[in-house]
file entry_11.cif (mmCIF, C-alpha atoms and all ligand atoms)
data_work
#
loop_
_atom_site.label_atom_id
_atom_site.label_comp_id
_atom_site.auth_asym_id
_atom_site.auth_seq_id
_atom_site.Cartn_x
_atom_site.Cartn_y
_atom_site.Cartn_z
CA MET A 1 122.65 81.65 96.60
CA ALA A 2 124.63 80.95 93.41
CA THR A 3 122.51 82.09 90.50
CA ALA A 4 123.96 79.46 88.17
CA GLU A 5 122.93 76.80 90.65
CA ALA A 6 119.39 78.20 90.81
CA GLU A 7 119.21 78.33 87.02
CA SER A 8 120.30 74.73 86.44
CA GLU A 9 117.84 73.65 89.15
CA THR A 10 114.84 75.35 87.51
CA HIS A 11 115.76 74.35 83.97
CA THR A 12 115.24 70.68 84.66
CA HIS A 13 111.75 71.14 86.18
CA LEU A 14 108.34 71.32 84.60
CA MET A 15 105.25 72.99 86.00
CA GLN A 16 101.54 73.06 85.28
CA ALA A 17 100.31 76.29 83.74
CA VAL A 18 97.33 77.64 81.82
CA VAL A 19 98.53 78.27 78.30
CA LEU A 20 96.70 80.47 75.78
CA LYS A 21 97.67 79.16 72.35
CA GLN A 22 95.41 81.33 70.25
CA TYR A 23 93.04 84.25 70.78
CA GLY A 24 89.34 83.46 71.20
CA GLY A 25 86.94 81.78 73.62
CA GLU A 26 87.77 80.43 77.05
CA ASP A 27 88.22 76.93 75.56
CA ASN A 28 91.57 78.20 74.33
CA LEU A 29 92.85 78.17 77.92
CA LEU A 30 94.65 74.83 78.25
CA ILE A 31 96.47 73.30 81.20
CA LYS A 32 99.89 72.18 80.01
CA SER A 33 103.24 71.09 81.41
CA ILE A 34 105.81 73.71 80.54
CA PRO A 35 109.30 74.48 81.85
CA ARG A 36 109.46 76.35 85.13
CA PRO A 37 110.73 79.87 84.56
CA LYS A 38 114.41 80.51 85.24
CA ILE A 39 115.24 83.44 87.47
CA THR A 40 117.76 86.20 86.93
CA ALA A 41 119.76 87.82 89.71
CA ASP A 42 117.05 90.47 90.32
CA GLN A 43 114.17 88.00 90.38
CA VAL A 44 112.46 85.64 92.75
CA LEU A 45 110.60 82.49 91.76
CA ILE A 46 107.19 82.42 93.43
CA ARG A 47 105.45 79.11 94.09
CA VAL A 48 101.95 80.37 93.31
CA HIS A 49 99.17 79.39 95.71
CA ALA A 50 96.50 81.67 94.26
CA ALA A 51 96.11 83.97 91.27
CA SER A 52 93.29 86.38 90.60
CA VAL A 53 91.31 87.01 87.44
CA ASN A 54 91.02 90.57 86.14
CA PRO A 55 88.94 91.73 83.17
CA ILE A 56 92.16 92.47 81.27
CA ASP A 57 92.87 88.71 81.25
CA TRP A 58 89.81 87.83 79.20
CA LYS A 59 90.23 90.96 77.08
CA ILE A 60 93.73 89.73 76.17
CA ARG A 61 92.35 86.21 75.62
CA GLN A 62 89.72 87.51 73.23
CA GLY A 63 92.40 89.36 71.24
CA MET A 64 90.94 92.78 72.11
CA LEU A 65 94.40 94.14 72.97
CA LYS A 66 96.51 92.37 70.37
CA TRP A 67 97.15 95.57 68.45
CA ILE A 68 98.56 97.34 71.50
CA ILE A 69 100.26 94.42 73.29
CA PRO A 70 102.58 92.99 70.66
CA GLU A 71 103.47 89.65 72.24
CA GLN A 72 103.56 86.25 70.59
CA LEU A 73 101.35 83.40 71.74
CA PRO A 74 101.46 80.90 73.40
CA ALA A 75 101.44 82.80 76.66
CA THR A 76 100.21 82.47 80.23
CA LEU A 77 97.81 85.10 81.60
CA GLY A 78 97.44 86.39 85.16
CA PHE A 79 98.91 89.54 86.72
CA ASP A 80 98.12 88.83 90.39
CA VAL A 81 99.71 86.15 92.50
CA ALA A 82 100.06 85.17 96.13
CA GLY A 83 102.45 82.42 97.14
CA GLU A 84 105.80 81.55 98.66
CA ILE A 85 109.27 82.26 97.39
CA ALA A 86 110.86 79.08 96.03
CA GLU A 87 114.12 80.53 94.69
CA VAL A 88 115.94 83.83 95.09
CA GLY A 89 118.34 85.50 92.66
CA TYR A 90 121.58 86.96 93.98
CA SER A 91 120.51 90.65 93.95
CA ALA A 92 117.04 89.81 95.26
CA LYS A 93 118.72 88.06 98.19
CA GLN A 94 120.66 91.27 98.89
CA ARG A 95 117.30 93.06 99.10
CA GLY A 96 116.28 90.73 101.90
CA TRP A 97 114.16 88.10 100.19
CA ASN A 98 114.42 84.50 101.35
CA VAL A 99 113.09 81.12 100.29
CA GLY A 100 109.80 80.48 102.11
CA ASP A 101 108.72 84.15 102.39
CA ALA A 102 104.96 84.49 101.86
CA VAL A 103 104.46 87.21 99.23
CA ILE A 104 102.13 88.89 96.78
CA ALA A 105 103.09 90.38 93.43
CA PHE A 106 101.71 92.35 90.49
CA SER A 107 103.50 90.60 87.64
CA ASP A 108 105.77 92.72 85.44
CA LYS A 109 105.42 90.30 82.49
CA THR A 110 103.59 91.45 79.35
CA PHE A 111 100.73 88.94 79.80
CA GLY A 112 101.27 88.30 83.52
CA GLY A 113 102.09 84.60 83.72
CA GLY A 114 100.41 84.07 87.09
CA TYR A 115 98.02 81.25 86.10
CA ALA A 116 100.82 78.78 86.78
CA GLU A 117 102.52 76.89 89.57
CA TYR A 118 105.57 79.16 89.40
CA LEU A 119 106.16 82.76 88.37
CA ALA A 120 109.50 84.56 88.08
CA VAL A 121 109.23 88.29 88.76
CA ASP A 122 111.52 91.18 89.59
CA SER A 123 111.83 91.33 93.36
CA LYS A 124 110.95 95.07 93.21
CA VAL A 125 107.29 94.20 92.47
CA VAL A 126 107.08 91.68 95.32
CA VAL A 127 105.69 92.54 98.75
CA VAL A 128 105.25 90.53 101.94
CA LYS A 129 101.77 88.98 102.03
CA PRO A 130 99.52 90.73 104.57
CA GLU A 131 99.09 88.50 107.60
CA THR A 132 95.40 89.33 107.76
CA CYS A 133 94.71 87.65 104.39
CA SER A 134 94.60 84.07 103.17
CA PHE A 135 96.56 83.43 99.96
CA GLU A 136 93.28 83.55 98.02
CA GLU A 137 92.30 86.89 99.54
CA ALA A 138 95.81 88.28 99.10
CA ALA A 139 95.86 87.32 95.41
CA GLY A 140 92.96 89.68 94.75
CA ILE A 141 94.87 92.76 95.82
CA PRO A 142 97.71 93.64 93.41
CA LEU A 143 96.23 94.86 90.11
CA ALA A 144 92.75 95.96 91.20
CA ALA A 145 93.80 97.69 94.43
CA THR A 146 96.83 99.31 92.74
CA THR A 147 94.40 100.73 90.17
CA ALA A 148 92.17 102.10 92.93
CA TRP A 149 95.11 103.58 94.86
CA LYS A 150 96.64 105.19 91.79
CA ALA A 151 93.27 106.66 90.75
CA LEU A 152 92.39 108.09 94.15
CA VAL A 153 95.75 109.02 95.64
CA LYS A 154 98.00 109.82 92.67
CA LEU A 155 95.48 111.18 90.15
CA GLY A 156 92.67 112.32 92.45
CA GLN A 157 95.06 113.68 95.11
CA LEU A 158 92.65 112.50 97.78
CA HIS A 159 92.73 114.37 101.10
CA ALA A 160 90.98 113.54 104.37
CA GLY A 161 87.52 115.10 104.33
CA ASP A 162 87.11 114.92 100.55
CA ASP A 163 83.77 113.85 99.12
CA VAL A 164 84.42 110.90 96.82
CA LEU A 165 81.97 109.07 94.55
CA ILE A 166 82.89 105.60 93.34
CA ASN A 167 80.91 104.03 90.49
CA GLY A 168 81.11 100.24 90.22
CA ALA A 169 81.76 100.08 93.96
CA SER A 170 80.97 96.35 94.27
CA GLY A 171 83.48 95.16 91.66
CA GLY A 172 87.16 94.31 92.00
CA VAL A 173 88.55 97.83 91.61
CA GLY A 174 85.53 99.50 93.24
CA SER A 175 85.47 97.37 96.40
CA TYR A 176 89.11 98.27 97.10
CA ALA A 177 88.50 101.91 96.14
CA VAL A 178 85.73 102.27 98.74
CA GLN A 179 88.04 100.94 101.46
CA ILE A 180 91.08 103.01 100.41
CA ALA A 181 89.03 106.21 100.23
CA LYS A 182 87.52 105.52 103.66
CA ALA A 183 90.90 104.60 105.19
CA LEU A 184 92.30 107.92 103.96
CA GLY A 185 89.47 109.87 105.57
CA ALA A 186 87.11 110.55 102.67
CA ASN A 187 83.31 110.69 102.76
CA VAL A 188 82.40 107.89 100.37
CA THR A 189 79.37 107.60 98.12
CA ALA A 190 79.20 104.16 96.50
CA VAL A 191 77.24 103.48 93.31
CA CYS A 192 76.21 99.85 92.77
CA SER A 193 73.14 97.60 92.61
CA ALA A 194 70.87 97.74 95.67
CA ASP A 195 71.71 94.07 96.43
CA ASN A 196 75.28 95.16 97.21
CA HIS A 197 74.51 98.25 99.31
CA GLU A 198 74.91 96.42 102.62
CA LEU A 199 78.29 95.08 101.51
CA VAL A 200 79.69 98.44 100.39
CA ARG A 201 78.48 100.05 103.63
CA GLU A 202 80.41 97.36 105.52
CA LEU A 203 83.45 98.30 103.42
CA GLY A 204 83.08 101.92 104.49
CA ALA A 205 80.61 103.68 102.20
CA ASP A 206 78.67 106.50 103.91
CA GLU A 207 76.05 106.85 101.17
CA THR A 208 74.83 104.45 98.48
CA ILE A 209 73.14 104.96 95.12
CA ASP A 210 71.42 102.20 93.13
CA TYR A 211 72.43 102.78 89.52
CA HIS A 212 69.34 100.89 88.31
CA ALA A 213 67.11 103.52 89.98
CA THR A 214 69.11 106.75 89.86
CA ARG A 215 71.67 108.24 87.48
CA PHE A 216 74.45 109.37 89.79
CA THR A 217 75.18 112.29 87.51
CA ASP A 218 71.70 113.68 88.31
CA ILE A 219 71.87 113.72 92.11
CA GLY A 220 72.42 117.45 92.49
CA ARG A 221 75.46 117.50 94.77
CA THR A 222 79.17 117.73 94.09
CA PHE A 223 82.27 115.63 94.79
CA ASP A 224 85.98 116.34 94.95
CA ILE A 225 86.64 113.04 93.17
CA VAL A 226 84.42 110.98 90.88
CA PHE A 227 86.12 107.64 90.28
CA ASP A 228 84.25 105.63 87.66
CA ALA A 229 85.82 102.22 88.27
CA VAL A 230 83.70 100.62 85.54
CA SER A 231 83.88 103.53 83.07
CA LYS A 232 80.14 103.81 82.43
CA SER A 233 80.05 107.62 82.47
CA SER A 234 81.90 110.45 80.73
CA PHE A 235 83.82 113.47 82.00
CA HIS A 236 81.29 115.65 80.19
CA GLU A 237 78.36 114.12 82.15
CA CYS A 238 80.25 114.21 85.44
CA ARG A 239 81.40 117.85 85.31
CA ARG A 240 78.18 119.00 86.92
CA ILE A 241 78.76 116.77 89.96
CA LEU A 242 82.43 117.80 90.34
CA THR A 243 83.54 120.61 92.62
CA PRO A 244 85.17 123.52 90.73
CA GLU A 245 88.60 121.85 91.10
CA GLY A 246 87.32 118.27 91.17
CA HIS A 247 88.92 115.22 89.54
CA TYR A 248 87.18 112.71 87.27
CA ILE A 249 89.00 109.41 86.82
CA ALA A 250 88.01 106.55 84.50
CA THR A 251 89.53 103.08 84.12
CA LEU A 252 89.04 102.70 80.37
CA PRO A 253 90.20 105.13 77.71
CA SER A 254 87.66 106.60 75.30
CA VAL A 255 88.11 109.18 72.59
CA GLU A 256 86.52 111.74 74.94
CA SER A 257 88.55 110.82 78.04
CA VAL A 258 91.87 110.76 76.21
CA GLY A 259 91.14 114.12 74.58
CA MET A 260 89.84 115.65 77.80
CA THR A 261 92.85 114.37 79.75
CA MET A 262 94.97 116.65 77.52
CA ILE A 263 92.55 119.59 77.40
CA SER A 264 91.68 119.54 81.11
CA LYS A 265 95.34 120.11 82.00
CA PHE A 266 94.50 123.76 81.23
CA GLN A 267 91.23 123.71 83.19
CA LYS A 268 90.37 123.58 86.88
CA GLN A 269 88.32 120.37 86.73
CA SER A 270 90.55 117.52 85.60
CA CYS A 271 89.96 114.34 83.63
CA HIS A 272 92.21 111.28 83.96
CA VAL A 273 92.38 107.71 82.75
CA VAL A 274 94.21 105.51 85.25
CA LEU A 275 96.74 102.97 83.99
CA ALA A 276 97.82 100.42 86.57
CA ARG A 277 101.41 99.18 86.46
CA PRO A 278 103.39 97.08 88.92
CA ASP A 279 104.55 99.41 91.68
CA GLY A 280 106.20 98.01 94.81
CA ASP A 281 105.65 101.20 96.83
CA ILE A 282 101.90 101.25 96.15
CA LEU A 283 101.61 97.53 96.86
CA ARG A 284 103.44 98.00 100.18
CA SER A 285 100.98 100.77 101.13
CA LEU A 286 98.09 98.45 100.29
CA ALA A 287 99.57 95.57 102.29
CA ALA A 288 100.02 97.96 105.22
CA LEU A 289 96.34 98.94 105.03
CA ALA A 290 95.40 95.26 104.98
CA ASN A 291 97.58 94.56 108.01
CA GLU A 292 95.87 97.46 109.82
CA GLY A 293 92.50 95.83 109.09
CA LYS A 294 91.49 98.66 106.72
CA LEU A 295 91.59 96.70 103.44
CA ARG A 296 90.16 93.28 102.74
CA THR A 297 89.29 91.26 99.69
CA VAL A 298 85.68 90.38 99.04
CA LEU A 299 85.87 86.95 97.43
CA ASP A 300 83.20 86.49 94.77
CA SER A 301 84.32 82.96 93.95
CA VAL A 302 87.35 80.67 94.00
CA PHE A 303 88.00 78.18 91.20
CA PRO A 304 90.70 75.50 90.95
CA LEU A 305 93.19 76.22 88.18
CA ASN A 306 91.69 73.55 85.92
CA GLU A 307 88.37 75.47 86.00
CA VAL A 308 89.98 78.62 84.64
CA ALA A 309 87.43 78.71 81.79
CA ALA A 310 84.56 78.97 84.30
CA ALA A 311 86.47 81.69 86.17
CA HIS A 312 86.78 83.70 82.94
CA ARG A 313 83.07 83.21 82.18
CA LYS A 314 82.24 84.51 85.66
CA SER A 315 84.40 87.62 85.21
CA GLU A 316 83.10 88.26 81.69
CA GLY A 317 79.54 88.23 83.00
CA GLY A 318 80.25 91.72 84.37
CA HIS A 319 78.60 91.27 87.77
CA VAL A 320 81.41 90.00 89.95
CA VAL A 321 81.17 91.08 93.59
CA GLY A 322 84.77 91.63 94.68
CA LYS A 323 87.27 89.25 93.12
CA VAL A 324 87.35 85.97 91.21
CA VAL A 325 90.37 83.92 92.30
CA LEU A 326 92.10 80.78 91.04
CA ASN A 327 93.42 78.32 93.62
CA VAL A 328 96.66 77.10 92.04
CA SER A 329 97.96 74.99 94.88
CA LYS A 330 95.41 72.19 94.51
CA ASP A 331 96.99 68.94 93.40
CA LEU A 332 96.77 69.41 89.65
CA ALA A 333 98.16 65.95 88.95
CA ASN A 334 94.94 64.45 90.35
CA GLU A 335 92.62 66.71 88.41
CA GLN A 336 91.01 65.99 85.07
CA SER A 337 91.89 69.16 83.24
CA PRO A 338 91.13 70.58 79.81
CA SER A 339 94.68 69.70 78.78
CA GLU A 340 95.88 69.19 75.26
CA PRO A 341 95.92 65.69 73.86
N1 LIG A 401 93.17 101.10 83.27
C1 LIG A 401 93.58 100.16 84.10
O1 LIG A 401 94.78 100.08 84.45
C2 LIG A 401 92.56 99.19 84.66
C3 LIG A 401 92.88 98.44 85.79
C4 LIG A 401 91.91 97.60 86.32
C5 LIG A 401 90.67 97.49 85.70
N2 LIG A 401 90.43 98.21 84.58
C6 LIG A 401 89.11 98.10 83.92
O2 LIG A 401 88.17 98.60 84.86
C7 LIG A 401 86.94 97.93 84.70
C8 LIG A 401 86.49 97.41 86.06
O3 LIG A 401 87.40 96.45 86.52
P1 LIG A 401 86.99 95.51 87.75
O4 LIG A 401 88.10 94.57 87.99
O5 LIG A 401 86.46 96.31 88.86
O6 LIG A 401 85.76 94.72 87.06
P2 LIG A 401 84.67 93.79 87.72
O7 LIG A 401 85.09 93.37 89.07
O8 LIG A 401 84.37 92.73 86.75
O9 LIG A 401 83.40 94.76 87.84
C9 LIG A 401 82.19 94.16 88.12
C10 LIG A 401 81.29 95.15 88.82
O10 LIG A 401 80.84 96.13 87.90
C11 LIG A 401 79.54 96.53 88.33
N3 LIG A 401 78.79 97.15 87.23
C12 LIG A 401 78.46 96.60 86.05
N4 LIG A 401 77.76 97.48 85.32
C13 LIG A 401 77.64 98.61 86.08
C14 LIG A 401 77.03 99.89 85.87
N5 LIG A 401 76.37 100.18 84.75
N6 LIG A 401 77.14 100.81 86.84
C15 LIG A 401 77.80 100.53 87.99
N7 LIG A 401 78.39 99.34 88.25
C16 LIG A 401 78.30 98.39 87.30
C17 LIG A 401 78.92 95.27 88.78
O11 LIG A 401 77.90 95.55 89.71
P3 LIG A 401 76.42 94.95 89.49
O12 LIG A 401 76.54 93.47 89.59
O13 LIG A 401 75.66 95.58 90.58
O14 LIG A 401 75.99 95.40 88.12
C18 LIG A 401 80.08 94.48 89.39
O15 LIG A 401 80.12 94.57 90.80
C19 LIG A 401 87.18 96.84 83.65
O16 LIG A 401 86.73 97.29 82.40
C20 LIG A 401 88.68 96.69 83.64
O17 LIG A 401 89.16 96.20 82.41
C21 LIG A 401 91.33 99.07 84.04
#
call {"tool": "encode", "arguments": {"input": "entry_11.cif", "output": "structure tokens"}}
result
Amino acid sequence: MATAEAESETHTHLMQAVVLKQYGGEDNLLIKSIPRPKITADQVLIRVHAASVNPIDWKIRQGMLKWIIPEQLPATLGFDVAGEIAEVGYSAKQRGWNVGDAVIAFSDKTFGGGYAEYLAVDSKVVVVKPETCSFEEAAGIPLAATTAWKALVKLGQLHAGDDVLINGASGGVGSYAVQIAKALGANVTAVCSADNHELVRELGADETIDYHATRFTDIGRTFDIVFDAVSKSSFHECRRILTPEGHYIATLPSVESVGMTMISKFQKQSCHVVLARPDGDILRSLAALANEGKLRTVLDSVFPLNEVAAAHRKSEGGHVVGKVVLNVSKDLANEQSPSEP
């Protein structure tokens, strides 16, 4: 396809998108008509059917990360999308992508941009949508499951037969982590509220601990990997439940975890803070697990795009079971949305 042709085509079109004009409450998320993104030779334009909500979205919205993500507003949030390719750049075409391909992607944009009808992304971060998932289920996978994979496989060096404890096992990252650990042959202990024990056992957990009743750091047995997907513990507390060469991995940096990540390089027990980034190879591995029936998305709730504020409130509540997803393909033109006057 001629790139110039694709560019002039996209330039003339508008799309509906959620635009964050200023940091603050969820009422700052406004549906607006903005130009469709233009693609470069390496990119594809995805017609987004579903996008998922991650805690980083509302942390960005609140301005919690404005000192470390220097990007000007207005911007569109959303790192996870599932949809169909609408346009293909020249080099992306050489890599085998075609209009109409059903795909998922972990956006490589600073703020994501996925809460929109169209998203332009580098074709390297795009992967064929697993056939076992609906678009809504598939949209849950990229950021949260990449985090879980990177924590367990890259940082935790998970091997079949390892004993793995996952804290926050019912949330977005945790629910994928349980399944990935099980698929790779680990013995999985899942820590979550008792109400979710049946669910995490269905996902593959061998043992469960109710964090309201028992501190998992006090259970008197050891694990090769402790993955605290919700970062409610510290490396210091978890050392006693790690094997002599065990790995502790958190999802949020703290003064202790950053310091111990450096210091523990010289010790047998290691401390890590995972940082998820778009990674086509990891996403392909995750899609393969989904296609094998070993990874699925637990849908907490699905909101139409014009109820993005409610979706953020749900995520901010801190008790999501699985993933909160936005359905973007609903006919926005017929919806009364919180748009700007
Ligand atoms: N570093 C990175 O690259 C990266 C990537 C992804 C996520 N993160 C961060 O990781 C954290 C988790 O992300 P997520 O998407 O999994 O969030 P989430 O889906 O919103 O997590 C919700 C889950 O947390 C559980 N939970 C709450 N308090 C808990 C506690 N004290 N002990 C155990 N579980 C508890 C809840 O279970 P109950 O309802 O039973 O309480 C709920 O199932 C967030 O802070 C996020 O920002 C970091």
call {"tool": "closest_atom_pairs", "arguments": {"input": "entry_11.cif", "of": "chain A", "to": "ligand LIG 401 (chain A)", "cutoff": "6 Å", "atoms": "all atoms listed in the file", "output": "tab-separated table"}}
result
residue	atom	partner	partner_atom	distance
A:Asn54	CA	A:LIG401	O4	5.3
A:Pro55	CA	A:LIG401	O17	4.5
A:Ile56	CA	A:LIG401	O17	4.9
A:Ala144	CA	A:LIG401	C4	5.2
A:Thr147	CA	A:LIG401	C3	5.2
A:Asn167	CA	A:LIG401	C15	5.3
A:Gly168	CA	A:LIG401	N7	3.5
A:Ser170	CA	A:LIG401	O15	4.0
A:Gly171	CA	A:LIG401	O15	3.5
A:Gly172	CA	A:LIG401	O7	3.7
A:Val173	CA	A:LIG401	O5	3.8
A:Gly174	CA	A:LIG401	O5	5.5
A:Cys192	CA	A:LIG401	O13	4.8
A:Ser193	CA	A:LIG401	O13	3.8
A:Tyr211	CA	A:LIG401	N6	5.8
A:Ala229	CA	A:LIG401	C8	5.3
A:Val230	CA	A:LIG401	C8	4.3
A:Lys232	CA	A:LIG401	N5	5.7
A:Thr251	CA	A:LIG401	N1	4.2
A:Leu252	CA	A:LIG401	N1	5.3
A:Val274	CA	A:LIG401	N1	4.9
A:Leu275	CA	A:LIG401	O1	3.5
A:Ala276	CA	A:LIG401	O1	3.7
A:Ser315	CA	A:LIG401	O8	5.3
A:Gly318	CA	A:LIG401	O8	4.9
A:His319	CA	A:LIG401	O12	3.5
A:Val320	CA	A:LIG401	C9	4.6
A:Val321	CA	A:LIG401	O15	4.6
A:Gly322	CA	A:LIG401	O7	5.9
call {"tool": "write_last_selection", "arguments": {"input": "entry_11.cif", "atoms": "C-alpha atoms", "output": "PDB file, in the coordinates of the input"}}
result
ATOM      1  CA  ASN A  54      91.020  90.570  86.140  1.00  0.00           C
ATOM      2  CA  PRO A  55      88.940  91.730  83.170  1.00  0.00           C
ATOM      3  CA  ILE A  56      92.160  92.470  81.270  1.00  0.00           C
ATOM      4  CA  ALA A 144      92.750  95.960  91.200  1.00  0.00           C
ATOM      5  CA  THR A 147      94.400 100.730  90.170  1.00  0.00           C
ATOM      6  CA  ASN A 167      80.910 104.030  90.490  1.00  0.00           C
ATOM      7  CA  GLY A 168      81.110 100.240  90.220  1.00  0.00           C
ATOM      8  CA  SER A 170      80.970  96.350  94.270  1.00  0.00           C
ATOM      9  CA  GLY A 171      83.480  95.160  91.660  1.00  0.00           C
ATOM     10  CA  GLY A 172      87.160  94.310  92.000  1.00  0.00           C
ATOM     11  CA  VAL A 173      88.550  97.830  91.610  1.00  0.00           C
ATOM     12  CA  GLY A 174      85.530  99.500  93.240  1.00  0.00           C
ATOM     13  CA  CYS A 192      76.210  99.850  92.770  1.00  0.00           C
ATOM     14  CA  SER A 193      73.140  97.600  92.610  1.00  0.00           C
ATOM     15  CA  TYR A 211      72.430 102.780  89.520  1.00  0.00           C
ATOM     16  CA  ALA A 229      85.820 102.220  88.270  1.00  0.00           C
ATOM     17  CA  VAL A 230      83.700 100.620  85.540  1.00  0.00           C
ATOM     18  CA  LYS A 232      80.140 103.810  82.430  1.00  0.00           C
ATOM     19  CA  THR A 251      89.530 103.080  84.120  1.00  0.00           C
ATOM     20  CA  LEU A 252      89.040 102.700  80.370  1.00  0.00           C
ATOM     21  CA  VAL A 274      94.210 105.510  85.250  1.00  0.00           C
ATOM     22  CA  LEU A 275      96.740 102.970  83.990  1.00  0.00           C
ATOM     23  CA  ALA A 276      97.820 100.420  86.570  1.00  0.00           C
ATOM     24  CA  SER A 315      84.400  87.620  85.210  1.00  0.00           C
ATOM     25  CA  GLY A 318      80.250  91.720  84.370  1.00  0.00           C
ATOM     26  CA  HIS A 319      78.600  91.270  87.770  1.00  0.00           C
ATOM     27  CA  VAL A 320      81.410  90.000  89.950  1.00  0.00           C
ATOM     28  CA  VAL A 321      81.170  91.080  93.590  1.00  0.00           C
ATOM     29  CA  GLY A 322      84.770  91.630  94.680  1.00  0.00           C
TER      30      GLY A 322
END
call {"tool": "closest_residue", "arguments": {"input": "entry_11.cif", "among": "A:Gly185, A:Gly114, A:Gly78, A:Gly24", "to": "A:Lys294", "atoms": "all atoms listed in the file"}}
result
A:Gly185
call {"tool": "closest_residue", "arguments": {"input": "entry_11.cif", "among": "A:Asp27, A:Asp218, A:Asp122, A:Asp206", "to": "A:Val44", "atoms": "all atoms listed in the file"}}
result
A:Asp122
call {"tool": "atom_distance", "arguments": {"input": "entry_11.cif", "atom1": "atom CA of A:Val81", "atom2": "atom CA of A:Gly293"}}
result
20.5 Å
call {"tool": "closest_atom_pairs", "arguments": {"input": "entry_11.cif", "of": "stretch 245-287 of chain A", "to": "stretch 97-105 of chain A", "cutoff": "10 Å", "atoms": "only C-alpha atoms", "output": "JSON lines"}}
result
{"residue": "A:Pro278", "atom": "CA", "partner": "A:Ala105", "partner_atom": "CA", "distance": 8.1}
{"residue": "A:Asp279", "atom": "CA", "partner": "A:Ala105", "partner_atom": "CA", "distance": 9.3}
{"residue": "A:Gly280", "atom": "CA", "partner": "A:Ala105", "partner_atom": "CA", "distance": 8.4}
{"residue": "A:Leu283", "atom": "CA", "partner": "A:Ala105", "partner_atom": "CA", "distance": 8.1}
{"residue": "A:Arg284", "atom": "CA", "partner": "A:Ile104", "partner_atom": "CA", "distance": 9.8}
{"residue": "A:Ala287", "atom": "CA", "partner": "A:Ile104", "partner_atom": "CA", "distance": 9.0}
call {"tool": "write_last_selection", "arguments": {"input": "entry_11.cif", "atoms": "C-alpha atoms", "output": "PDB file, in the frame of the given file"}}
result
ATOM      1  CA  PRO A 278     103.390  97.080  88.920  1.00  0.00           C
ATOM      2  CA  ASP A 279     104.550  99.410  91.680  1.00  0.00           C
ATOM      3  CA  GLY A 280     106.200  98.010  94.810  1.00  0.00           C
ATOM      4  CA  LEU A 283     101.610  97.530  96.860  1.00  0.00           C
ATOM      5  CA  ARG A 284     103.440  98.000 100.180  1.00  0.00           C
ATOM      6  CA  ALA A 287      99.570  95.570 102.290  1.00  0.00           C
TER       7      ALA A 287
END
call {"tool": "residues_around", "arguments": {"input": "entry_11.cif", "residues": "A:Leu119", "least_positions_apart": "5", "cutoff": "10 Å", "atoms": "all atoms listed in the file", "output": "PyMOL selection string"}}
result
chain A and resi 17+36-39+43-48+78+81+83+85-86+105+107+109+112-114
call {"tool": "atom_distance", "arguments": {"input": "entry_11.cif", "atom1": "atom CA of A:Gln94", "atom2": "atom CA of A:Phe106"}}
result
20.8 Å
call {"tool": "closest_residue", "arguments": {"input": "entry_11.cif", "among": "A:Ala160, A:Ala41, A:Leu77, A:Val128", "to": "A:Val308", "atoms": "all atoms listed in the file"}}
result
A:Leu77
call {"tool": "atom_distance", "arguments": {"input": "entry_11.cif", "atom1": "atom CA of A:Glu136", "atom2": "atom CA of A:Val325"}}
result
6.4 Å
call {"tool": "closest_residue", "arguments": {"input": "entry_11.cif", "among": "A:Asp57, A:Asp80, A:Glu198, A:Glu316", "to": "A:Ile141", "atoms": "all atoms listed in the file"}}
result
A:Asp80
call {"tool": "residues_near_point", "arguments": {"input": "entry_11.cif", "point": "(101.4, 74.1, 89.3)", "cutoff": "7 Å", "atoms": "only C-alpha atoms", "output": "VMD selection string"}}
result
chain A and resid 15 to 17 116 to 118 328 to 329 332
call {"tool": "residues_around", "arguments": {"input": "entry_11.cif", "residues": "A:Leu29", "least_positions_apart": "2", "cutoff": "7 Å", "atoms": "all atoms listed in the file", "output": "list of chain:residue names"}}
result
A:Val18, A:Val19, A:Leu20, A:Glu26, A:Asp27, A:Ile31, A:Ala309
call {"tool": "closest_residue", "arguments": {"input": "entry_11.cif", "among": "A:Asp300, A:Glu307, A:Glu84, A:Asp224", "to": "A:Ser270", "atoms": "only C-alpha atoms"}}
result
A:Asp224
call {"tool": "build_atoms", "arguments": {"input": "entry_11.cif", "residues": "stretch 181-187 of chain A", "atoms": "N, CA and C atoms", "output": "JSON list (two decimals), in the frame of the given file"}}
result
[["chain", "number", "residue", "atom", "x", "y", "z"],
["A", 181, "ALA", "N", 89.53, 104.85, 100.02],
["A", 181, "ALA", "CA", 89.03, 106.21, 100.23],
["A", 181, "ALA", "C", 88.63, 106.41, 101.69],
["A", 182, "LYS", "N", 87.95, 105.41, 102.25],
["A", 182, "LYS", "CA", 87.52, 105.52, 103.66],
["A", 182, "LYS", "C", 88.72, 105.56, 104.58],
["A", 183, "ALA", "N", 89.70, 104.67, 104.32],
["A", 183, "ALA", "CA", 90.90, 104.60, 105.19],
["A", 183, "ALA", "C", 91.65, 105.92, 105.18],
["A", 184, "LEU", "N", 91.58, 106.66, 104.05],
["A", 184, "LEU", "CA", 92.30, 107.92, 103.96],
["A", 184, "LEU", "C", 91.44, 109.11, 104.39],
["A", 185, "GLY", "N", 90.26, 108.82, 104.93],
["A", 185, "GLY", "CA", 89.47, 109.87, 105.57],
["A", 185, "GLY", "C", 88.43, 110.55, 104.70],
["A", 186, "ALA", "N", 88.11, 109.94, 103.56],
["A", 186, "ALA", "CA", 87.11, 110.55, 102.67],
["A", 186, "ALA", "C", 85.69, 110.21, 103.13],
["A", 187, "ASN", "N", 84.73, 111.03, 102.65],
["A", 187, "ASN", "CA", 83.31, 110.69, 102.76],
["A", 187, "ASN", "C", 82.94, 109.99, 101.46]]
